[in-house]
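S.K.: So I've got this file, protein.tsv, and it contains TSV, C-alpha atoms:
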```tsv
chain	number	residue	atom	x	y	z
A	1	MET	CA	-72.02	32.24	-43.11
A	2	VAL	CA	-68.96	30.34	-41.99
A	3	LEU	CA	-66.32	29.27	-44.45
A	4	ALA	CA	-63.13	27.70	-43.17
A	5	GLY	CA	-60.16	27.05	-45.38
A	6	SER	CA	-57.57	24.54	-44.37
A	7	LEU	CA	-54.86	22.40	-45.77
A	8	GLN	CA	-53.91	18.85	-45.24
A	9	TYR	CA	-51.54	18.13	-42.40
A	10	PHE	CA	-48.31	16.77	-43.89
A	11	PRO	CA	-46.32	14.62	-41.46
A	12	ALA	CA	-42.60	14.46	-42.02
A	13	SER	CA	-41.82	11.81	-44.58
A	14	LYS	CA	-39.93	8.78	-43.46
A	15	ALA	CA	-36.57	8.34	-45.03
A	16	THR	CA	-36.34	5.29	-47.27
A	17	PRO	CA	-32.62	4.40	-47.49
A	18	LEU	CA	-31.34	2.32	-50.34
A	19	THR	CA	-30.69	-1.25	-49.38
A	20	ARG	CA	-26.97	-1.68	-49.55
A	21	ARG	CA	-24.72	-4.45	-48.52
A	22	ALA	CA	-22.82	-3.65	-45.35
A	23	THR	CA	-19.32	-4.97	-45.08
A	24	GLY	CA	-17.84	-6.63	-42.03
A	25	VAL	CA	-14.21	-6.08	-41.12
A	26	VAL	CA	-11.72	-8.88	-40.66
A	27	ARG	CA	-9.35	-8.56	-37.77
A	28	GLY	CA	-6.82	-11.33	-37.14
A	29	GLN	CA	-8.74	-14.59	-36.91
A	30	ARG	CA	-12.20	-13.13	-37.37
A	31	VAL	CA	-14.24	-14.39	-40.26
A	32	PRO	CA	-15.37	-11.92	-42.95
A	33	GLN	CA	-19.00	-11.15	-42.34
A	34	LEU	CA	-21.56	-8.69	-43.64
A	35	ARG	CA	-23.19	-6.53	-41.03
A	36	SER	CA	-26.95	-6.38	-41.08
A	37	GLU	CA	-28.85	-3.22	-41.98
A	38	SER	CA	-29.93	-2.93	-38.34
A	39	ALA	CA	-26.30	-2.94	-37.26
A	40	VAL	CA	-25.50	-0.32	-39.87
A	41	SER	CA	-28.29	1.88	-38.58
A	42	ALA	CA	-27.22	1.36	-34.99
A	43	SER	CA	-23.66	2.40	-35.79
A	44	SER	CA	-24.83	5.83	-36.91
A	45	ARG	CA	-27.22	6.46	-34.00
A	46	PRO	CA	-26.25	8.00	-30.61
A	47	HIS	CA	-26.21	5.54	-27.83
A	48	PRO	CA	-27.51	6.71	-24.43
A	49	ALA	CA	-24.47	5.21	-22.71
A	50	ASN	CA	-21.94	6.26	-25.32
A	51	PRO	CA	-22.10	9.74	-26.83
A	52	ASN	CA	-19.43	8.68	-29.37
A	53	ARG	CA	-22.22	6.90	-31.24
A	54	ALA	CA	-24.19	9.41	-33.25
A	55	SER	CA	-27.98	9.91	-33.77
A	56	ALA	CA	-30.96	12.04	-32.80
A	57	ALA	CA	-34.09	11.53	-30.77
A	58	GLN	CA	-37.35	13.09	-31.75
A	59	PRO	CA	-38.00	16.13	-29.56
A	60	ALA	CA	-40.82	15.77	-27.06
A	61	GLY	CA	-44.11	17.31	-28.16
A	62	ALA	CA	-43.13	17.38	-31.86
A	63	GLY	CA	-46.44	15.75	-32.82
A	64	ARG	CA	-48.50	18.29	-30.91
A	65	ALA	CA	-46.46	21.15	-32.37
A	66	ARG	CA	-47.31	19.94	-35.88
A	67	GLU	CA	-51.00	19.73	-34.95
A	68	VAL	CA	-50.94	23.27	-33.57
A	69	ALA	CA	-49.27	24.44	-36.78
A	70	PHE	CA	-52.12	22.80	-38.69
A	71	VAL	CA	-54.66	24.63	-36.53
A	72	ARG	CA	-52.97	27.95	-37.24
A	73	ARG	CA	-52.98	27.35	-40.98
A	74	VAL	CA	-56.69	26.61	-40.76
A	75	HIS	CA	-57.20	29.75	-38.69
A	76	ARG	CA	-55.55	32.02	-41.25
A	77	LEU	CA	-57.68	30.70	-44.07
A	78	ARG	CA	-60.80	30.58	-41.90
A	79	VAL	CA	-60.46	34.29	-41.13
A	80	LEU	CA	-60.02	35.10	-44.82
A	81	GLY	CA	-62.83	32.81	-45.98
A	82	MET	CA	-65.31	34.11	-43.44
A	83	ALA	CA	-64.52	37.75	-44.11
A	84	LEU	CA	-64.90	37.33	-47.87
A	85	GLY	CA	-67.90	34.99	-47.60
A	86	ALA	CA	-69.64	37.42	-45.26
A	87	LEU	CA	-69.63	40.00	-48.07
A	88	GLY	CA	-71.76	37.78	-50.29
A	89	VAL	CA	-74.13	36.84	-47.50
A	90	ALA	CA	-74.41	40.44	-46.31
A	91	SER	CA	-75.32	41.60	-49.83
A	92	VAL	CA	-78.24	39.14	-49.91
A	93	LEU	CA	-79.36	40.07	-46.37
A	94	TRP	CA	-79.33	43.73	-47.42
A	95	LEU	CA	-81.50	43.07	-50.46
A	96	GLN	CA	-83.88	40.98	-48.35
A	97	GLY	CA	-84.17	43.71	-45.73
A	98	SER	CA	-83.25	41.22	-42.99
A	99	GLU	CA	-83.74	42.17	-39.37
A	100	TRP	CA	-80.88	43.03	-37.04
A	101	PRO	CA	-80.56	39.59	-35.29
A	102	TRP	CA	-79.32	38.11	-38.58
A	103	TRP	CA	-76.70	40.82	-38.83
A	104	VAL	CA	-75.55	40.17	-35.26
A	105	LEU	CA	-75.34	36.45	-36.00
A	106	LEU	CA	-73.36	37.10	-39.18
A	107	ALA	CA	-70.93	39.34	-37.27
A	108	CYS	CA	-70.45	36.72	-34.54
A	109	ASN	CA	-69.96	34.05	-37.18
A	110	SER	CA	-67.36	35.97	-39.17
A	111	VAL	CA	-65.51	37.69	-36.29
A	112	VAL	CA	-65.99	35.81	-33.02
A	113	TRP	CA	-66.07	32.20	-34.25
A	114	PRO	CA	-62.64	32.20	-35.97
A	115	GLN	CA	-60.93	33.30	-32.75
A	116	ALA	CA	-63.00	31.00	-30.53
A	117	SER	CA	-62.34	27.96	-32.76
A	118	ARG	CA	-58.60	28.57	-32.65
A	119	ARG	CA	-58.59	28.84	-28.86
A	120	LEU	CA	-60.64	25.65	-28.53
A	121	ALA	CA	-58.27	23.72	-30.77
A	122	GLU	CA	-55.00	25.01	-29.31
A	123	ARG	CA	-56.13	24.28	-25.74
A	124	SER	CA	-57.40	20.83	-26.57
A	125	GLU	CA	-55.44	17.68	-25.72
A	126	SER	CA	-55.71	16.76	-29.41
A	127	PRO	CA	-55.60	19.99	-31.46
A	128	ARG	CA	-56.12	18.26	-34.80
A	129	ALA	CA	-59.13	16.24	-33.65
A	130	MET	CA	-60.68	19.38	-32.15
A	131	GLU	CA	-60.03	21.32	-35.36
A	132	GLU	CA	-61.82	18.64	-37.38
A	133	ARG	CA	-64.83	19.13	-35.09
A	134	ASN	CA	-64.54	22.86	-35.71
A	135	LEU	CA	-64.64	22.17	-39.43
A	136	MET	CA	-67.89	20.25	-38.91
A	137	VAL	CA	-69.32	23.32	-37.20
A	138	ASP	CA	-68.16	25.40	-40.17
A	139	SER	CA	-70.09	23.15	-42.52
A	140	ALA	CA	-73.20	23.21	-40.34
A	141	LEU	CA	-73.21	27.01	-40.15
A	142	GLY	CA	-72.48	27.25	-43.87
A	143	GLY	CA	-75.57	25.13	-44.54
A	144	MET	CA	-77.60	27.43	-42.30
A	145	TRP	CA	-76.52	30.52	-44.26
A	146	ILE	CA	-77.34	28.89	-47.59
A	147	ALA	CA	-80.92	28.47	-46.33
A	148	VAL	CA	-81.01	31.98	-44.84
A	149	ILE	CA	-80.07	33.60	-48.17
A	150	GLN	CA	-82.89	31.53	-49.73
A	151	PHE	CA	-80.57	29.50	-51.97
A	152	ASN	CA	-79.53	32.56	-53.94
A	153	LEU	CA	-77.76	30.78	-56.76
A	154	LEU	CA	-74.24	32.22	-56.99
A	155	PRO	CA	-73.43	32.70	-53.29
A	156	SER	CA	-75.04	29.37	-52.40
A	157	VAL	CA	-73.06	27.40	-54.98
A	158	LEU	CA	-69.92	29.30	-54.05
A	159	LEU	CA	-70.32	28.57	-50.34
A	160	LEU	CA	-71.06	24.90	-50.96
A	161	THR	CA	-68.09	24.51	-53.29
A	162	MET	CA	-65.61	26.25	-51.01
A	163	LEU	CA	-66.81	24.32	-47.98
A	164	CYS	CA	-66.22	21.06	-49.87
A	165	VAL	CA	-62.84	22.19	-51.18
A	166	ASP	CA	-61.43	23.08	-47.79
A	167	LYS	CA	-62.61	19.80	-46.24
A	168	ILE	CA	-60.92	17.79	-48.97
A	169	ALA	CA	-57.76	19.88	-48.54
A	170	ALA	CA	-57.83	19.38	-44.76
A	171	GLY	CA	-58.62	15.68	-44.51
A	172	GLY	CA	-59.43	14.27	-47.92
A	173	PRO	CA	-62.74	12.70	-48.97
A	174	ARG	CA	-63.08	11.11	-45.53
A	175	LEU	CA	-63.45	14.49	-43.84
A	176	LEU	CA	-65.75	15.72	-46.60
A	177	TRP	CA	-68.17	12.83	-46.13
A	178	ARG	CA	-68.11	13.33	-42.36
A	179	THR	CA	-68.98	17.02	-42.58
A	180	LEU	CA	-71.35	17.08	-45.57
A	181	PRO	CA	-74.33	15.60	-43.64
A	182	TRP	CA	-74.00	18.41	-41.10
A	183	LEU	CA	-74.27	20.96	-43.87
A	184	LEU	CA	-77.25	19.28	-45.51
A	185	VAL	CA	-79.17	18.65	-42.29
A	186	THR	CA	-78.62	22.19	-40.98
A	187	CYS	CA	-79.59	23.65	-44.34
A	188	ALA	CA	-82.80	21.59	-44.50
A	189	TYR	CA	-83.72	22.36	-40.88
A	190	THR	CA	-83.12	26.12	-41.25
A	191	SER	CA	-85.08	26.23	-44.49
A	192	ALA	CA	-87.97	24.42	-42.82
A	193	MET	CA	-87.92	26.86	-39.90
A	194	LEU	CA	-88.12	29.73	-42.43
A	195	HIS	CA	-90.93	27.96	-44.36
A	196	PHE	CA	-88.74	26.93	-47.32
A	197	PRO	CA	-88.11	30.30	-49.00
A	198	VAL	CA	-86.32	30.08	-52.38
A	199	ALA	CA	-84.97	33.01	-54.42
A	200	LEU	CA	-82.47	31.72	-56.96
A	201	GLN	CA	-81.92	34.94	-58.90
A	202	THR	CA	-78.53	36.60	-58.30
A	203	PRO	CA	-78.64	40.38	-58.77
A	204	MET	CA	-75.56	42.26	-59.91
A	205	PRO	CA	-74.72	43.67	-56.40
A	206	VAL	CA	-74.64	40.13	-55.00
A	207	LEU	CA	-72.49	38.93	-57.90
A	208	LEU	CA	-69.99	41.73	-57.30
A	209	ALA	CA	-69.91	40.97	-53.57
A	210	CYS	CA	-69.10	37.32	-54.30
A	211	LEU	CA	-66.16	38.04	-56.60
A	212	PRO	CA	-63.56	38.56	-53.83
A	213	LEU	CA	-64.34	35.14	-52.39
A	214	LEU	CA	-64.39	33.55	-55.83
A	215	VAL	CA	-60.94	34.92	-56.69
A	216	ALA	CA	-58.95	35.44	-53.49
A	217	TYR	CA	-59.85	32.36	-51.49
A	218	PRO	CA	-58.82	29.68	-54.04
A	219	LEU	CA	-55.61	31.60	-54.68
A	220	SER	CA	-54.88	31.62	-50.94
A	221	ILE	CA	-55.40	27.88	-50.74
A	222	CYS	CA	-53.04	27.40	-53.68
A	223	ILE	CA	-50.37	29.57	-52.04
A	224	VAL	CA	-50.54	27.69	-48.74
A	225	ASN	CA	-50.53	24.36	-50.60
A	226	TRP	CA	-47.40	25.48	-52.42
A	227	GLU	CA	-45.76	26.50	-49.15
A	228	LEU	CA	-46.56	23.11	-47.63
A	229	ALA	CA	-45.32	21.25	-50.70
A	230	SER	CA	-42.09	23.26	-50.63
A	231	ARG	CA	-41.66	22.44	-46.95
A	232	VAL	CA	-42.20	18.74	-47.61
A	233	VAL	CA	-39.59	18.82	-50.39
A	234	HIS	CA	-37.15	20.55	-48.04
A	235	GLN	CA	-37.86	18.02	-45.29
A	236	ASN	CA	-37.35	15.12	-47.67
A	237	ARG	CA	-34.04	16.57	-48.78
A	238	ARG	CA	-33.04	17.05	-45.16
A	239	LEU	CA	-34.07	13.48	-44.31
A	240	ASP	CA	-32.07	12.21	-47.26
A	241	GLU	CA	-29.07	14.20	-46.07
A	242	VAL	CA	-29.48	12.89	-42.52
A	243	GLY	CA	-29.75	9.36	-43.90
A	244	ARG	CA	-26.37	9.80	-45.61
A	245	THR	CA	-24.53	11.72	-42.89
A	246	ASP	CA	-23.04	10.76	-39.55
A	247	GLU	CA	-24.43	13.20	-37.00
A	248	LEU	CA	-21.42	13.52	-34.73
A	249	THR	CA	-18.73	14.06	-37.37
A	250	GLY	CA	-20.69	15.38	-40.35
A	251	LEU	CA	-19.01	12.84	-42.64
A	252	ALA	CA	-20.77	10.33	-44.85
A	253	ASN	CA	-22.13	7.49	-42.73
A	254	ARG	CA	-21.33	3.81	-43.22
A	255	ARG	CA	-24.24	3.05	-45.52
A	256	HIS	CA	-23.55	5.97	-47.82
A	257	GLY	CA	-19.82	5.26	-47.75
A	258	LEU	CA	-20.35	1.68	-48.87
A	259	ALA	CA	-22.59	2.89	-51.67
A	260	VAL	CA	-19.86	5.29	-52.84
A	261	ALA	CA	-17.25	2.53	-52.62
A	262	GLU	CA	-19.42	0.24	-54.71
A	263	ALA	CA	-19.95	2.94	-57.33
A	264	GLU	CA	-16.21	3.62	-57.53
A	265	LEU	CA	-15.49	-0.09	-57.80
A	266	LEU	CA	-17.87	-0.41	-60.75
A	267	ARG	CA	-16.36	2.65	-62.39
A	268	ALA	CA	-12.85	1.20	-61.98
A	269	ARG	CA	-13.94	-2.02	-63.66
A	270	GLU	CA	-15.43	-0.12	-66.58
A	271	THR	CA	-12.58	2.35	-67.11
A	272	GLY	CA	-9.57	0.45	-65.78
A	273	ARG	CA	-8.55	3.49	-63.74
A	274	ALA	CA	-7.00	3.17	-60.32
A	275	VAL	CA	-8.99	3.71	-57.14
A	276	ALA	CA	-7.72	3.22	-53.60
A	277	LEU	CA	-9.17	3.14	-50.13
A	278	ILE	CA	-7.60	3.85	-46.78
A	279	LEU	CA	-9.01	2.51	-43.51
A	280	LEU	CA	-8.01	4.53	-40.45
A	281	ASP	CA	-8.36	3.60	-36.80
A	282	ILE	CA	-7.66	5.91	-33.84
A	283	ASP	CA	-5.08	4.30	-31.57
A	284	HIS	CA	-6.12	3.52	-28.00
A	285	PHE	CA	-9.46	5.27	-28.42
A	286	LYS	CA	-11.06	3.33	-25.56
A	287	ARG	CA	-8.31	4.55	-23.27
A	288	ILE	CA	-9.05	8.14	-24.31
A	289	ASN	CA	-12.69	7.67	-23.38
A	290	ASP	CA	-11.82	5.98	-20.10
A	291	LEU	CA	-9.22	8.56	-19.02
A	292	HIS	CA	-10.77	11.79	-20.28
A	293	GLY	CA	-14.45	10.98	-20.74
A	294	HIS	CA	-16.70	10.56	-23.74
A	295	HIS	CA	-16.81	14.29	-24.44
A	296	ALA	CA	-13.08	14.21	-25.06
A	297	GLY	CA	-13.61	11.15	-27.23
A	298	ASP	CA	-16.18	13.07	-29.24
A	299	ASP	CA	-13.68	15.91	-29.68
A	300	VAL	CA	-11.13	13.44	-31.02
A	301	LEU	CA	-13.62	11.97	-33.48
A	302	ARG	CA	-14.58	15.43	-34.69
A	303	GLY	CA	-10.94	16.44	-34.99
A	304	VAL	CA	-10.08	13.38	-37.08
A	305	ALA	CA	-13.15	13.96	-39.22
A	306	GLN	CA	-12.13	17.56	-39.81
A	307	THR	CA	-8.65	16.39	-40.78
A	308	LEU	CA	-10.07	13.93	-43.30
A	309	ARG	CA	-12.41	16.56	-44.67
A	310	GLY	CA	-9.56	19.04	-45.07
A	311	SER	CA	-7.25	16.51	-46.70
A	312	ARG	CA	-9.71	15.28	-49.27
A	313	GLY	CA	-9.43	16.00	-52.96
A	314	GLY	CA	-12.31	17.18	-55.06
A	315	SER	CA	-13.69	13.67	-55.54
A	316	ASP	CA	-12.47	11.94	-52.36
A	317	THR	CA	-15.11	10.73	-49.89
A	318	PRO	CA	-14.36	10.58	-46.15
A	319	VAL	CA	-16.61	8.19	-44.24
A	320	ARG	CA	-17.19	7.40	-40.61
A	321	TYR	CA	-17.14	3.63	-40.93
A	322	GLY	CA	-18.15	2.94	-37.34
A	323	GLY	CA	-16.93	3.74	-33.82
A	324	ASP	CA	-13.40	5.11	-34.16
A	325	GLU	CA	-12.82	3.78	-37.69
A	326	PHE	CA	-12.84	5.98	-40.78
A	327	ILE	CA	-12.54	5.33	-44.49
A	328	LEU	CA	-11.27	7.64	-47.20
A	329	ILE	CA	-12.19	6.61	-50.75
A	330	LEU	CA	-9.69	7.94	-53.29
A	331	PRO	CA	-10.79	7.83	-56.94
A	332	GLU	CA	-8.13	8.21	-59.63
A	333	THR	CA	-5.49	7.26	-57.04
A	334	ASP	CA	-3.02	4.38	-57.07
A	335	LEU	CA	-1.43	2.77	-54.04
A	336	ASP	CA	1.50	5.21	-53.94
A	337	GLY	CA	-0.88	8.16	-53.95
A	338	ALA	CA	-2.96	6.56	-51.21
A	339	GLN	CA	0.15	6.12	-49.05
A	340	GLU	CA	1.15	9.76	-49.53
A	341	THR	CA	-2.34	10.91	-48.56
A	342	ALA	CA	-2.45	8.58	-45.55
A	343	ALA	CA	0.97	9.72	-44.30
A	344	ARG	CA	-0.08	13.36	-44.51
A	345	ILE	CA	-3.29	12.62	-42.62
A	346	GLN	CA	-1.41	10.72	-39.90
A	347	ALA	CA	0.91	13.68	-39.39
A	348	GLN	CA	-2.00	16.10	-39.15
A	349	ILE	CA	-3.83	13.87	-36.65
A	350	ALA	CA	-0.70	13.60	-34.49
A	351	ALA	CA	-0.53	17.41	-34.42
A	352	LEU	CA	-4.14	17.88	-33.31
A	353	THR	CA	-4.81	19.74	-30.06
A	354	PHE	CA	-8.03	19.78	-28.09
A	355	GLU	CA	-9.35	22.68	-26.06
A	356	ARG	CA	-11.22	20.48	-23.59
A	357	VAL	CA	-8.08	18.42	-22.70
A	358	ARG	CA	-5.04	20.41	-23.72
A	359	ASP	CA	-2.48	17.66	-23.07
A	360	LEU	CA	-4.42	15.09	-25.09
A	361	ARG	CA	-2.70	13.76	-28.19
A	362	CYS	CA	-3.72	10.95	-30.50
A	363	THR	CA	-2.32	8.89	-33.34
A	364	ALA	CA	-3.91	6.74	-36.00
A	365	SER	CA	-3.06	3.45	-37.67
A	366	VAL	CA	-3.86	3.18	-41.35
A	367	GLY	CA	-4.33	0.38	-43.83
A	368	ALA	CA	-4.49	1.15	-47.56
A	369	ALA	CA	-5.62	-1.01	-50.45
A	370	GLN	CA	-5.89	-0.44	-54.18
A	371	VAL	CA	-8.84	-2.01	-55.90
A	372	SER	CA	-8.10	-5.35	-57.54
A	373	PRO	CA	-8.51	-5.70	-61.32
A	374	ARG	CA	-10.02	-9.10	-60.69
A	375	ALA	CA	-13.69	-9.62	-59.91
A	376	GLU	CA	-13.47	-8.19	-56.41
A	377	ASP	CA	-16.43	-6.85	-54.45
A	378	VAL	CA	-16.53	-4.08	-51.86
A	379	GLU	CA	-16.34	-6.55	-49.00
A	380	ALA	CA	-13.10	-8.07	-50.27
A	381	TRP	CA	-11.65	-4.63	-51.02
A	382	ILE	CA	-12.31	-3.35	-47.50
A	383	GLN	CA	-11.14	-6.67	-46.06
A	384	ARG	CA	-7.72	-6.20	-47.66
A	385	ALA	CA	-7.51	-2.68	-46.25
A	386	ASP	CA	-8.50	-4.06	-42.86
A	387	LEU	CA	-5.83	-6.73	-42.98
A	388	ALA	CA	-3.29	-3.99	-43.72
A	389	LEU	CA	-4.67	-1.97	-40.79
A	390	TYR	CA	-4.34	-5.00	-38.51
A	391	ALA	CA	-0.73	-5.34	-39.57
A	392	ALA	CA	-0.14	-1.65	-38.83
A	393	LYS	CA	-1.49	-2.09	-35.31
A	394	ALA	CA	0.50	-5.27	-34.80
A	395	ASN	CA	3.67	-3.39	-35.73
A	396	GLY	CA	3.26	-0.90	-32.91
A	397	ARG	CA	0.35	1.38	-33.93
A	398	GLY	CA	0.68	4.78	-35.53
A	399	ARG	CA	1.89	2.94	-38.62
A	400	LEU	CA	0.84	2.79	-42.25
A	401	VAL	CA	0.60	-0.50	-44.13
A	402	ALA	CA	-0.51	-0.77	-47.75
A	403	GLN	CA	-1.60	-3.71	-49.87
A	404	GLY	CA	-1.61	-3.80	-53.64
A	405	SER	CA	-4.23	-5.46	-55.78
A	406	GLY	CA	-2.66	-8.86	-55.25
A	407	GLN	CA	-2.91	-11.06	-52.20
A	408	GLY	CA	0.76	-10.83	-51.31
A	409	PRO	CA	2.18	-9.62	-48.00
A	410	ALA	CA	1.50	-6.13	-46.80
A	411	MET	CA	4.03	-3.41	-47.43
A	412	ALA	CA	4.94	-1.51	-44.26
A	413	ALA	CA	5.52	2.21	-44.41
```
How would this structure read if it were set down as C-alpha cells?
M.R.:
Amino acid sequence: MVLAGSLQYFPASKATPLTRRATGVVRGQRVPQLRSESAVSASSRPHPANPNRASAAQPAGAGRAREVAFVRRVHRLRVLGMALGALGVASVLWLQGSEWPWWVLLACNSVVWPQASRRLAERSESPRAMEERNLMVDSALGGMWIAVIQFNLLPSVLLLTMLCVDKIAAGGPRLLWRTLPWLLVTCAYTSAMLHFPVALQTPMPVLLACLPLLVAYPLSICIVNWELASRVVHQNRRLDEVGRTDELTGLANRRHGLAVAEAELLRARETGRAVALILLDIDHFKRINDLHGHHAGDDVLRGVAQTLRGSRGGSDTPVRYGGDEFILILPETDLDGAQETAARIQAQIAALTFERVRDLRCTASVGAAQVSPRAEDVEAWIQRADLALYAAKANGRGRLVAQGSGQGPAMAA
C-alpha cells in the first residue's frame, strides 16, 4: 500500500496596492502634474545605476526553492501515511496468510519508496512536476493494494478516501482526475491477475489496525494546512508592509504617504482641526553622490530618515516622497508648530555625522504648509509646500519657508 499526503503549493501572494492619486511637485515654472502609478512604483524601487533608489529583486532560484519545500512537505506526510496505511494492509495480509513476496513488496512500498520519491523529485529539473508524477505512482500502488487485500471494506475505503484527499490537497480536482485512472486501472488489473478475489468483511483486528490511519493522518493534514495558511497570512502582511514602506530608509513610501495625507485632509475638513505638512529636500544631494559616491548618498538618506523618525510625534508620519525629498505629515499642528518642528529637524540634520565619510555634512531646505479650510485636495496642499520649498532654496538653501492656508506670499524663517 502506498499513501502519500501532500498539501497545495501556495505561491507568495501578489501585493494589491490601493489605487491612489500621486501628486506632482511644482518647482518654479513647472506645471502641477500628477505622477502615474508606474512612476510612483519606480520611485520606491532600487535602480541598478543608482542605489539611492530603493527596491528588491527576487532572489535567484526562489521558485525552485518553493518547489523543493513542497516536495519535503509531501515527503513528511507520505512517510506518515505509508507507515500507518501499512498497518491496515499488513493486518489483512496476516489474516489471509499471504506469502513472503507480498510482505517484501509492502516493506519496499512503505520504507524504500518514500525516500526514493523524495530523491527523484529533489534532483529533478522541475521538482513539483516530478512530485506530481510520484503522486500518480502512489495512486497506482494504492489501487494495487486495494485489490491485494481483496477489497476488504474498511481499509479499502480508507485507502481510497485518503488517496483522493491528498491529491485534492496537493493539486486540486485537476490532480485528482489525473491520478484516479491510474488507481482504478491498477486495481482492476491486479484483481484480474489474482482472479478477482473479494472479501468485504472487516474483522476486528483489521479495524483496530486501521484506526491510527483514520485518526492521525487527517489530523496531520489539518496541521500542515494550518501552518501553510499561517505562513500565507504572514507573507501577505509582509507584502502589505513592503508595499507601504521605502526599502532604503524604512519610512512610509510615496504611495502610502499620499494616502495618509488624504486621510488627514478629510479629517481636517470634518473636524476643523489644524493639520500641517512639511516638505524637506537635502541640499546639493547630487553633489554628495558625485563627490563621495552613492553609498555616502545612501548614508545621508538613512540619516535624514532617522532624524525624521526620531522627531515625529505619536501621530506624525514621515514619508520618503522620492529621491532626496521627504514629507512629514503633522496632524493637530498649525503652521507655527510645523515651523518649530521643521527648525528642530534642520538643526539635527546639520549636526549629522557619517562614519563612511567623516567630514561629510549636509543641510536641508524646508517648505511648510497648513491645510486650507477651502476645498483643497492633496495635490494643491503639497504644491503650496513645494512652492515654499522652492522659495527656501532660492533664498540660499538651508532655509525654512512656510505658507499659511491662503495664497499669499511665503513667510521666510
S.K.: Out of A:Ala276, A:Ala296, A:Ala350, A:Ile223, which residue has the shortest atom-to-atom distance to Ala385 in chain A when counting all atoms listed in the file?
M.R.: A:Ala276
S.K.: May I ask which of the residues A:Thr307, A:Thr179, A:Ser124, A:Ser139 is the closest one to Arg64 in chain A, counting all atoms listed in the file?
M.R.: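 Using all atoms listed in the file, the shortest distance to Arg64 in chain A belongs to A:Ser124.
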S.K.: Using all atoms listed in the file, determine which residues lie at most 9 Å from range 89-96 of chain A, disregarding the query and same-chain residues fewer than 3 positions distant; provide the list as a list in words.
M.R.: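 Selected residues are Met1, Gly85, Ala86, Glu99, Trp102, Trp103, Leu106, Trp145, Ile146, Val148, Ile149, Gln150, Asn152, Pro155, Ser156, Thr202, Pro203, Pro205, Val206, Leu207, Ala209 and Cys210 of chain A.
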S.K.: Can you list, as an mmCIF file with C-alpha atoms, in the frame of the given file, every protein, DNA or RNA residue that comes within 12 Å of Thr353 in chain A when you count all atoms listed in the file, leaving out same-chain residues fewer than 2 positions away?
M.R.:
```cif
data_model
loop_
_atom_site.group_PDB
_atom_site.id
_atom_site.type_symbol
_atom_site.label_atom_id
_atom_site.label_comp_id
_atom_site.auth_asym_id
_atom_site.auth_seq_id
_atom_site.Cartn_x
_atom_site.Cartn_y
_atom_site.Cartn_z
ATOM 1 C CA ALA A 296 -13.080 14.210 -25.060
ATOM 2 C CA ASP A 299 -13.680 15.910 -29.680
ATOM 3 C CA VAL A 300 -11.130 13.440 -31.020
ATOM 4 C CA ARG A 302 -14.580 15.430 -34.690
ATOM 5 C CA GLY A 303 -10.940 16.440 -34.990
ATOM 6 C CA VAL A 304 -10.080 13.380 -37.080
ATOM 7 C CA THR A 307 -8.650 16.390 -40.780
ATOM 8 C CA GLN A 348 -2.000 16.100 -39.150
ATOM 9 C CA ILE A 349 -3.830 13.870 -36.650
ATOM 10 C CA ALA A 350 -0.700 13.600 -34.490
ATOM 11 C CA ALA A 351 -0.530 17.410 -34.420
ATOM 12 C CA GLU A 355 -9.350 22.680 -26.060
ATOM 13 C CA ARG A 356 -11.220 20.480 -23.590
ATOM 14 C CA VAL A 357 -8.080 18.420 -22.700
ATOM 15 C CA ARG A 358 -5.040 20.410 -23.720
ATOM 16 C CA ASP A 359 -2.480 17.660 -23.070
ATOM 17 C CA LEU A 360 -4.420 15.090 -25.090
ATOM 18 C CA ARG A 361 -2.700 13.760 -28.190
ATOM 19 C CA CYS A 362 -3.720 10.950 -30.500
ATOM 20 C CA THR A 363 -2.320 8.890 -33.340
#
```
S.K.: In terms of the shortest atom-to-atom distance over all atoms listed in the file, which of A:Ile278, A:Ala380, A:Pro101, A:Ala147 is closest to Ala199 in chain A?
M.R.: A:Ala147
S.K.: Need to verify the contact set: range 215-219 of chain A, 8 Å, only C-alpha atoms, exclusion of same-chain residues closer than 2 positions in sequence. Can you return it as a list in words?
M.R.: Leu77, Leu80, Gly81, Leu84, Leu211, Pro212, Leu213, Ile221, Cys222 and Ile223 of chain A
